[in-house]
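Visitor: Here it is: the structure, laid out below.
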Amino acid sequence: QVEVVESGGGLVQPGGSLRLSCAASGPRLTIQTMGWYRQAPGKEREFLATILSAGNKRVADSVKERFTISMNNARNMAYLQMNSLDFDDTAVYYCKVVSGGWRHEYWGQGTQVTVSS
C-alpha cells in the first residue's frame, strides 16, 4: 500500500504564491510519476502537471506560465510552486502517485487552496 499526503494549501490573496508538497510512502513504493490535479466546486478534476522519476515534466497549458512542478526522488516528494494566484485557482489540490511496474495509482486526500482578498 502507498500513502500519499498533500500539504501547503491555505488562504492567499490574489497575486500571491503557494508551494504545495506531496509526500509518498509505503513498503512497496516505486515511483513512476507524481502529478498534481485540482477540483473546483462544481467542476471536474483538472490535470495540472506531472513529473517522471527521471525528471521529465509536463504542465498544462493553462497554468504553465505560473506553476512549476519539481521532485525530490530521495525523499519521495513532489512540489507544486504556484505563482500569481487568482480567484479561479481556488480548488482542492490533489497529488497522484503512479507506482510499480503495474502502474497503480494512488491519490491523496487533497489540500484546499483559497484565493481571496
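Labels used: A, B, ... for chains in the order of the C-alpha cells, numbers from 1 for residues in each chain, and numbers from 1 for ligands as shown.
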DSSP on the backbone, then: every residue of region 21-93 of chain A marked strand (DSSP E), written as number ranges by chain.
Guide: A: 21-25, 31-39, 46-52, 57-59, 67-72, 77-82, 91-93
Visitor: DSSP says helix (DSSP H, G or I) for which residues of chain A? Put them as a VMD selection string?
Guide: chain A and resid 73 to 75 87 to 89
Visitor: Keeping N, CA and C atoms for every residue in the selection just given, could you write it to a file as a PDB file, in the first residue's frame?
Guide:
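The result, stored in result-v2.pdb:
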ATOM      1  N   ASN A  73      13.563  12.955  -5.514  1.00  0.00           N
ATOM      2  CA  ASN A  73      13.468  11.492  -5.583  1.00  0.00           C
ATOM      3  C   ASN A  73      13.894  10.841  -4.270  1.00  0.00           C
ATOM      4  N   ALA A  74      14.913  11.388  -3.655  1.00  0.00           N
ATOM      5  CA  ALA A  74      15.447  10.774  -2.442  1.00  0.00           C
ATOM      6  C   ALA A  74      14.439  10.791  -1.305  1.00  0.00           C
ATOM      7  N   ARG A  75      13.563  11.796  -1.313  1.00  0.00           N
ATOM      8  CA  ARG A  75      12.575  11.927  -0.249  1.00  0.00           C
ATOM      9  C   ARG A  75      11.189  11.497  -0.692  1.00  0.00           C
ATOM     10  N   PHE A  87      -8.409  34.205  -8.359  1.00  0.00           N
ATOM     11  CA  PHE A  87      -9.610  33.617  -7.775  1.00  0.00           C
ATOM     12  C   PHE A  87      -9.939  32.260  -8.392  1.00  0.00           C
ATOM     13  N   ASP A  88      -9.712  32.112  -9.695  1.00  0.00           N
ATOM     14  CA  ASP A  88     -10.030  30.865 -10.388  1.00  0.00           C
ATOM     15  C   ASP A  88      -9.151  29.700  -9.967  1.00  0.00           C
ATOM     16  N   ASP A  89      -8.097  29.986  -9.218  1.00  0.00           N
ATOM     17  CA  ASP A  89      -7.221  28.915  -8.732  1.00  0.00           C
ATOM     18  C   ASP A  89      -7.753  28.288  -7.454  1.00  0.00           C
TER      19      ASP A  89
END
Visitor: For CA of Val113 (chain A) and CA of Ala24 (chain A), quote the distance in Å rounded to one decimal.
Guide: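 Separating CA of Val113 (chain A) from CA of Ala24 (chain A) is a distance of 20.2 Å.
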Visitor: Report as a tab-separated table (two decimals) with N, CA and C atoms, in the first residue's frame all protein, DNA and RNA residues lying within 8 Å of Pro14 (chain A), evaluated on only C-alpha atoms, omitting residues in the same chain fewer than 2 positions from it.
Guide:
chain	number	residue	atom	x	y	z
A	12	VAL	N	-4.76	32.61	0.41
A	12	VAL	CA	-3.77	33.52	-0.17
A	12	VAL	C	-4.51	34.63	-0.92
A	16	GLY	N	-0.67	36.31	-5.03
A	16	GLY	CA	0.25	35.64	-4.11
A	16	GLY	C	0.75	34.31	-4.64
A	84	SER	N	1.41	33.99	-8.89
A	84	SER	CA	0.37	34.85	-9.48
A	84	SER	C	-1.01	34.22	-9.37
A	85	LEU	N	-1.34	33.77	-8.20
A	85	LEU	CA	-2.62	33.08	-8.00
A	85	LEU	C	-3.79	34.04	-8.17
A	86	ASP	N	-4.87	33.49	-8.71
A	86	ASP	CA	-6.07	34.27	-8.97
A	86	ASP	C	-7.26	33.53	-8.37
A	87	PHE	N	-8.41	34.20	-8.36
A	87	PHE	CA	-9.61	33.62	-7.78
A	87	PHE	C	-9.94	32.26	-8.39
A	115	VAL	N	-8.12	31.41	-2.85
A	115	VAL	CA	-7.61	32.73	-3.23
A	115	VAL	C	-8.71	33.74	-2.99
A	116	SER	N	-8.45	34.64	-2.07
A	116	SER	CA	-9.47	35.60	-1.68
A	116	SER	C	-8.82	36.88	-1.16
A	117	SER	N	-9.49	37.99	-1.43
A	117	SER	CA	-8.99	39.26	-0.92
A	117	SER	C	-9.69	39.62	0.39
Visitor: Find the residues around Gly42 (chain A) up to 12 Å (only C-alpha atoms counted), leave out those fewer than 6 positions away in its own chain, and share them as a VMD selection string.
Guide: chain A and resid 90 to 92
Visitor: Write out, as a short mmCIF file (atom, residue, chain, number, x, y, z; two decimals), in the first residue's frame, the residues just selected, with C-alpha atoms.
Guide:
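Below is the file selection.cif, written as the result:
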data_model
loop_
_atom_site.label_atom_id
_atom_site.label_comp_id
_atom_site.auth_asym_id
_atom_site.auth_seq_id
_atom_site.Cartn_x
_atom_site.Cartn_y
_atom_site.Cartn_z
CA THR A 90 -9.43 28.25 -5.72
CA ALA A 91 -9.84 24.49 -5.52
CA VAL A 92 -8.84 21.34 -3.72
#
Visitor: Which one of A:Ala60, A:Tyr94, A:Gly108, A:Gln81 sits closest to Gln39 (chain A) if you count only C-alpha atoms?
Guide: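 Residue with the minimum atom-to-atom distance to Gln39 (chain A): A:Tyr94.
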Visitor: Measuring between only C-alpha atoms, which one of A:Asn76, A:Thr30, A:Gly35, A:Phe47 shows the shortest distance to Ser62 (chain A)?
Guide: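 So, comparing all the options, the nearest one is A:Phe47.
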